[in-house]
Amino acid sequence: MAITITVPTALRRFAGNQPSVEVAGHTIQEILKDLIRQHPQLGQHLYDKDGKLRNFVRIYVNDEDIRATGDHTPVKEGDEIAIVPSIAGGVEPIIKDRAKLTNDDIKRYSRHLILPEVGMEGQERIKAAKVLLIGSGGLGSPLALYLTAAGVGTIGMVEFDTVDFSNLQRQILHFTPDVGKHKLQSAEEKLKAINPNLKFIPHKTKITSDNALDLIKDYDLVIDGTDNFPTRYLVNDACVMLKKPNVYGSIFRFEGMASVFAPHLGGPCYRCWYPEPPPPGMVPSCAEGGVLGVICGIIGNIQANEAVKLIIGKGKPLMGRLLRFDAMDMSFREYKIPKDPNCPVCGKNPTITKLIDYLEFCGIGRGEAGGTSGDSIVEEDEGLGPDDISVETLKKMRDAKQDFILVDVRNPDEFQISQIEGSVKLPLPDLPQRFQELPKDKLLVVHCKMGGRSARAVNFLKQQGYSQVKNVAGGINAWAERIDPDIPQY
Ligand SMILES: [Zn+2]
C-alpha cells in the first residue's frame, strides 16, 4: 500500500531534496520506518536516542496531529501524511527603530516589560511601529482598541463611513451616541481616551487603486479588516508591491479565518491561495449572510496578536498557515497555504506589476462596490441603472395598482425581520431551481435588502429570457427609510 508523506523544506536535504516520498505501511510507525529505510539520514532528525519521536517534530494525518494517538495511528491509502518540524526563531522584528519609553510608558506597559519576549526592546519597537488599519468595522474595532492599549505608537485608519445603528452589535469602537458620526471621529475619541499619546492618522477616503500605494507606503504593517473581494485583492497586491506584511482576517456567520501574507518574508500572498475571486454572488457578504458579533472580537484579536509578534519579531507568525475558527464547534483548525511560484503578483515572473481595476477584476459593477468598513456593501447613489427603479417609483406603481409581481429574493430569516406586503418570496439561492414559478408575461419587480442580490437576480432572470424585470435600488431598507418608516431597517 503506497502512501505519500510530505517532507518539510527544513528536512528535504536529508530526503534527496524531494518534497514528498512514497512510503508503505499500515501505521505511522511502519511508514516512518519505511521512510528512514529509504533515507537513513532522516532517522536522527525524527527520532531521539531512545527511539522516541522527537518533541519538535509533529506528524499530521490529514491535518490531525497524531500526538494523542501516537505512533500506532493507523493510516490508509489516500491519507495525507505531513511532517511538520517547529521552526526556531520566527522572523526578524519588522520594526528596526526603537522609540524611547517615558517613565509613564514604563508604568503603563509594565506587564509587557516583565515578559522577557517583549521587554524594553520589544516595547520600544511597538512604540515605534506605524500600523495601518483598513476599516474600523467589526475587525478594525478590536484591532484598534488592543493595538492602542498595547502601545503601538502610530495607527492610521482608512474609513469613509459613518456609524450606523446596525454597526453597534459588533463594532465595539463605536457607541450608541456615535450613531451618525464619522467613524474616524468616533474611533479617534475612543483610542485617545485609552492612550492620549497615540498618533492617530485618519484617512477619510475609500482605498482605491489610485491611492493605495500612497496610503500604505509610510506604514510598517497593514491589517485588512474589510469584507469585500475588490479591497482584499487591492490591499494584497499593494502590500506585495511595497513589501509590507498584510495581516488578514475574515468573518462570516459563525466562522472566521486569519493569516499573515508577507512574500518578502518568505510566506505566500493572498493570491497564492486564491489567484482569482469567486464570481459575484457566489459568496454572500456579512450584510447579506449575517455575522455573530463576538466572532469579530476573536478574529480581530488574533490579527492584533500576529501584528504584535511581527513587530517584536517573536514567536512563529501565522505565515503560510490559515487559521480557521468555527464558533459553533468551538474548534480551531489550521491549513497550510503554500507559496505559489507562479503567483501572478508574488511569483518568479509576476504578470501583475501595477495596481489594476479591482472592481472589474472581481466582476462587480461600480454601483455595488464594496465598502471598507467590513460590514456592508454600500450602495452609492450614482444614479440608477437601466434595470433599476427607485422606491418612490415602486410606491407610485403600487398606488396606481399597476399590474406587476413584487419578488423578494432575501433569505427566509430576513422575511421575518421585515417585508413589503404582497411580495412573492423566492430566496436568491433557490432561484435557479424555482424561477419557472414566475410568469414571463408580467412585469417582475425584484428587491432584496439593499439592491445587490436583487440586481444579480435580475441579471439571472434576463439570461433565462425574462424581458420585463426591474430591480428596486436600495432594497427594502430604502423602502423603510423613504416610504414606510414602520418597517424596521437592519
Ligand atoms: Zn502570491
# chains A, B, ... in the order shown; residues from 1 in each chain; ligands from 1
>>> residues_near_ligand(ligand="ligand 1", cutoff="10 Å", atoms="only C-alpha atoms and all ligand atoms", output="mmCIF file with N, CA and C atoms, in the first residue's frame")
data_model
loop_
_atom_site.group_PDB
_atom_site.id
_atom_site.type_symbol
_atom_site.label_atom_id
_atom_site.label_comp_id
_atom_site.auth_asym_id
_atom_site.auth_seq_id
_atom_site.Cartn_x
_atom_site.Cartn_y
_atom_site.Cartn_z
ATOM 1 N N ASN A 236 -3.886 43.284 -0.918
ATOM 2 C CA ASN A 236 -2.863 42.255 -1.095
ATOM 3 C C ASN A 236 -1.806 42.711 -2.099
ATOM 4 N N ASP A 237 -2.261 43.120 -3.272
ATOM 5 C CA ASP A 237 -1.312 43.454 -4.340
ATOM 6 C C ASP A 237 -0.442 44.645 -3.944
ATOM 7 N N VAL A 240 2.150 43.503 -1.431
ATOM 8 C CA VAL A 240 3.228 42.716 -2.063
ATOM 9 C C VAL A 240 4.187 43.676 -2.760
ATOM 10 N N PHE A 261 0.096 37.433 5.332
ATOM 11 C CA PHE A 261 0.662 37.370 3.981
ATOM 12 C C PHE A 261 1.881 38.281 3.907
ATOM 13 N N ALA A 262 3.013 37.709 3.571
ATOM 14 C CA ALA A 262 4.251 38.502 3.511
ATOM 15 C C ALA A 262 5.269 37.777 2.645
ATOM 16 N N PRO A 263 5.119 37.854 1.309
ATOM 17 C CA PRO A 263 6.065 37.151 0.433
ATOM 18 C C PRO A 263 7.510 37.594 0.662
ATOM 19 N N GLY A 267 6.795 34.072 3.032
ATOM 20 C CA GLY A 267 5.473 33.446 3.035
ATOM 21 C C GLY A 267 4.754 33.635 1.710
ATOM 22 N N PRO A 268 3.534 33.120 1.636
ATOM 23 C CA PRO A 268 2.729 33.316 0.429
ATOM 24 C C PRO A 268 1.964 34.643 0.509
ATOM 25 N N CYS A 269 1.228 34.973 -0.560
ATOM 26 C CA CYS A 269 0.309 36.109 -0.506
ATOM 27 C C CYS A 269 -1.109 35.579 -0.699
ATOM 28 N N TYR A 270 -2.069 36.485 -0.632
ATOM 29 C CA TYR A 270 -3.473 36.053 -0.760
ATOM 30 C C TYR A 270 -3.734 35.421 -2.130
ATOM 31 N N ARG A 271 -3.038 35.913 -3.156
ATOM 32 C CA ARG A 271 -3.250 35.361 -4.499
ATOM 33 C C ARG A 271 -2.612 33.983 -4.678
ATOM 34 N N CYS A 272 -1.590 33.670 -3.856
ATOM 35 C CA CYS A 272 -1.027 32.320 -3.909
ATOM 36 C C CYS A 272 -2.121 31.325 -3.508
ATOM 37 N N TRP A 273 -2.974 31.801 -2.615
ATOM 38 C CA TRP A 273 -4.034 30.960 -2.056
ATOM 39 C C TRP A 273 -5.230 30.957 -2.990
ATOM 40 N N TYR A 274 -5.714 32.141 -3.322
ATOM 41 C CA TYR A 274 -6.839 32.301 -4.250
ATOM 42 C C TYR A 274 -6.421 33.230 -5.379
ATOM 43 N N PRO A 275 -5.940 32.684 -6.508
ATOM 44 C CA PRO A 275 -5.499 33.561 -7.602
ATOM 45 C C PRO A 275 -6.617 34.455 -8.125
ATOM 46 N N PRO A 338 0.543 27.128 0.745
ATOM 47 C CA PRO A 338 1.885 27.147 0.154
ATOM 48 C C PRO A 338 2.097 28.389 -0.709
ATOM 49 N N LYS A 339 3.341 28.796 -0.816
ATOM 50 C CA LYS A 339 3.687 29.891 -1.723
ATOM 51 C C LYS A 339 3.626 29.338 -3.140
ATOM 52 N N ASP A 340 2.975 30.066 -4.037
ATOM 53 C CA ASP A 340 2.850 29.604 -5.415
ATOM 54 C C ASP A 340 3.943 30.261 -6.255
ATOM 55 N N PRO A 341 4.888 29.445 -6.771
ATOM 56 C CA PRO A 341 5.962 30.059 -7.562
ATOM 57 C C PRO A 341 5.445 30.755 -8.819
ATOM 58 N N ASN A 342 4.226 30.359 -9.248
ATOM 59 C CA ASN A 342 3.647 31.003 -10.434
ATOM 60 C C ASN A 342 2.613 32.070 -10.076
ATOM 61 N N CYS A 343 2.620 32.511 -8.824
ATOM 62 C CA CYS A 343 1.650 33.532 -8.394
ATOM 63 C C CYS A 343 1.768 34.760 -9.298
ATOM 64 N N PRO A 344 0.603 35.286 -9.758
ATOM 65 C CA PRO A 344 0.675 36.425 -10.687
ATOM 66 C C PRO A 344 1.242 37.700 -10.073
ATOM 67 N N VAL A 345 1.301 37.755 -8.735
ATOM 68 C CA VAL A 345 1.808 39.005 -8.158
ATOM 69 C C VAL A 345 3.104 38.814 -7.358
ATOM 70 N N CYS A 346 3.265 37.655 -6.664
ATOM 71 C CA CYS A 346 4.496 37.484 -5.880
ATOM 72 C C CYS A 346 5.378 36.362 -6.416
ATOM 73 N N GLY A 347 4.983 35.761 -7.569
ATOM 74 C CA GLY A 347 5.758 34.655 -8.122
ATOM 75 C C GLY A 347 7.036 35.120 -8.803
ATOM 76 N N LYS A 348 7.706 34.137 -9.419
ATOM 77 C CA LYS A 348 9.010 34.445 -10.047
ATOM 78 C C LYS A 348 8.861 35.418 -11.211
ATOM 79 N N PRO A 350 6.076 37.717 -12.189
ATOM 80 C CA PRO A 350 4.738 38.287 -11.951
ATOM 81 C C PRO A 350 4.152 38.946 -13.197
#
>>> residues_around(residues="Val23 (chain A)", least_positions_apart="4", cutoff="10 Å", atoms="only C-alpha atoms", output="ChimeraX atom specification")
/A:1-5,30-38
>>> residues_around(residues="Gly122 (chain A)", least_positions_apart="2", cutoff="10 Å", atoms="only C-alpha atoms", output="PyMOL selection string")
chain A and resi 93+95+98+112-113+115-120+124-128+308-309+311-314
>>> select_by_dssp(residues="region 2-227 of chain A", states="alpha helix (DSSP H)", output="number ranges by chain")
A: 28-38, 43-46, 103-108, 110-113, 119-128, 140-150, 183-194, 212-216
>>> select_by_dssp(residues="region 76-275 of chain A", states="strand (DSSP E or B)", output="PyMOL selection string")
chain A and resi 80-85+130-134+154-158+162+182+199-203+221-224+246-253+255-261
>>> write_last_selection(atoms="C-alpha atoms", output="compact mmCIF listing (two decimals), in the first residue's frame")
# COMPACT_ATOMS: atom_id res chain seq x y z
CA GLU A 80 -2.13 12.82 3.54
CA ILE A 81 0.77 12.50 5.93
CA ALA A 82 2.92 15.51 6.75
CA ILE A 83 5.99 16.00 8.90
CA VAL A 84 5.97 19.47 10.45
CA PRO A 85 9.02 20.47 12.49
CA LYS A 130 3.26 52.51 12.35
CA VAL A 131 0.25 50.31 11.64
CA LEU A 132 -2.42 50.96 9.00
CA LEU A 133 -5.90 49.57 9.64
CA ILE A 134 -8.13 49.26 6.60
CA THR A 154 1.10 55.33 15.25
CA ILE A 155 -2.20 54.00 13.97
CA GLY A 156 -3.59 55.04 10.60
CA MET A 157 -7.17 54.21 9.73
CA VAL A 158 -8.80 54.18 6.30
CA THR A 162 -20.42 56.97 9.38
CA HIS A 182 -18.00 59.77 11.16
CA LYS A 199 -0.54 59.34 16.98
CA PHE A 200 -3.80 58.69 15.14
CA ILE A 201 -3.84 59.37 11.40
CA PRO A 202 -7.34 59.43 9.89
CA HIS A 203 -7.62 58.70 6.17
CA LEU A 221 2.35 46.88 8.60
CA VAL A 222 -1.15 46.69 7.14
CA ILE A 223 -4.12 44.97 8.73
CA ASP A 224 -7.00 44.21 6.44
CA ASN A 246 -0.53 42.12 5.46
CA VAL A 247 -2.36 40.60 8.41
CA TYR A 248 -5.52 39.08 7.03
CA GLY A 249 -8.79 38.29 8.76
CA SER A 250 -12.27 37.49 7.57
CA ILE A 251 -15.54 36.63 9.20
CA PHE A 252 -18.82 35.18 8.08
CA ARG A 253 -21.79 33.98 10.12
CA GLU A 255 -16.80 31.35 11.16
CA GLY A 256 -13.61 33.30 10.98
CA MET A 257 -10.21 32.98 9.34
CA ALA A 258 -6.86 34.63 9.81
CA SER A 259 -3.42 34.51 8.23
CA VAL A 260 -0.33 36.62 7.56
CA PHE A 261 0.66 37.37 3.98
>>> closest_residue(among="A:Glu392, A:Glu92, A:Glu188, A:Glu437", to="Ala473 (chain A)", atoms="only C-alpha atoms")
A:Glu392
>>> closest_residue(among="A:Ile420, A:Leu318, A:Ile298, A:Leu384", to="Ala455 (chain A)", atoms="only C-alpha atoms")
A:Leu384
>>> closest_residue(among="A:Gly422, A:Asp63, A:Lys244, A:Leu101", to="Leu323 (chain A)", atoms="only C-alpha atoms")
A:Asp63
>>> residues_around(residues="Asp387 (chain A)", least_positions_apart="3", cutoff="12 Å", atoms="only C-alpha atoms", output="list in words")
Gly383, Leu384, Ser390, Leu443, Leu444, Val445, Val446, His447, Gly451, Ser454, Ala455, Arg456, Ala457, Val458, Asn459, Leu461, Lys462, Ser467, Gln468, Val469, Lys470, Asn471, Val472 and Ala473 of chain A
>>> residues_around(residues="Asp178 (chain A)", least_positions_apart="2", cutoff="10 Å", atoms="only C-alpha atoms", output="VMD selection string")
chain A and resid 162 to 165 168 173 to 176 180 to 183 185 to 187
>>> residues_around(residues="Met330 (chain A)", least_positions_apart="2", cutoff="12 Å", atoms="only C-alpha atoms", output="list in words")
Phe254, Glu255, Gly256, Ile295, Ile298, Arg324, Phe325, Asp326, Ala327, Met328, Phe332 and Arg333 of chain A
>>> write_last_selection(atoms="C-alpha atoms", output="PDB file, in the first residue's frame")
ATOM      1  CA  PHE A 254     -20.184  31.752  12.798  1.00  0.00           C
ATOM      2  CA  GLU A 255     -16.803  31.347  11.161  1.00  0.00           C
ATOM      3  CA  GLY A 256     -13.610  33.296  10.976  1.00  0.00           C
ATOM      4  CA  ILE A 295     -16.528  36.476  16.124  1.00  0.00           C
ATOM      5  CA  ILE A 298     -11.981  36.679  18.329  1.00  0.00           C
ATOM      6  CA  ARG A 324      -9.944  28.735  10.683  1.00  0.00           C
ATOM      7  CA  PHE A 325     -12.245  29.185  13.643  1.00  0.00           C
ATOM      8  CA  ASP A 326     -15.701  27.674  13.981  1.00  0.00           C
ATOM      9  CA  ALA A 327     -17.708  29.199  16.819  1.00  0.00           C
ATOM     10  CA  MET A 328     -20.405  26.511  16.726  1.00  0.00           C
ATOM     11  CA  PHE A 332      -9.656  25.959  15.512  1.00  0.00           C
ATOM     12  CA  ARG A 333      -8.120  24.228  12.522  1.00  0.00           C
TER      13      ARG A 333
END
>>> atom_distance(atom1="CA of Pro427 (chain A)", atom2="CA of Ile483 (chain A)")
23.2 Å
>>> residues_around(residues="Asp357 (chain A)", least_positions_apart="5", cutoff="10 Å", atoms="only C-alpha atoms", output="mmCIF file with C-alpha atoms, in the first residue's frame")
data_model
loop_
_atom_site.group_PDB
_atom_site.id
_atom_site.type_symbol
_atom_site.label_atom_id
_atom_site.label_comp_id
_atom_site.auth_asym_id
_atom_site.auth_seq_id
_atom_site.Cartn_x
_atom_site.Cartn_y
_atom_site.Cartn_z
ATOM 1 C CA THR A 208 -8.651 52.549 -4.381
ATOM 2 C CA SER A 209 -6.066 51.618 -6.999
ATOM 3 C CA ASP A 210 -5.275 55.331 -7.324
ATOM 4 C CA PRO A 230 -12.032 44.063 -4.581
ATOM 5 C CA LEU A 234 -6.184 45.545 -3.865
ATOM 6 C CA CYS A 362 -13.970 40.861 -9.299
#
>>> atom_distance(atom1="CA of Asp413 (chain A)", atom2="CA of Pro485 (chain A)")
20.5 Å
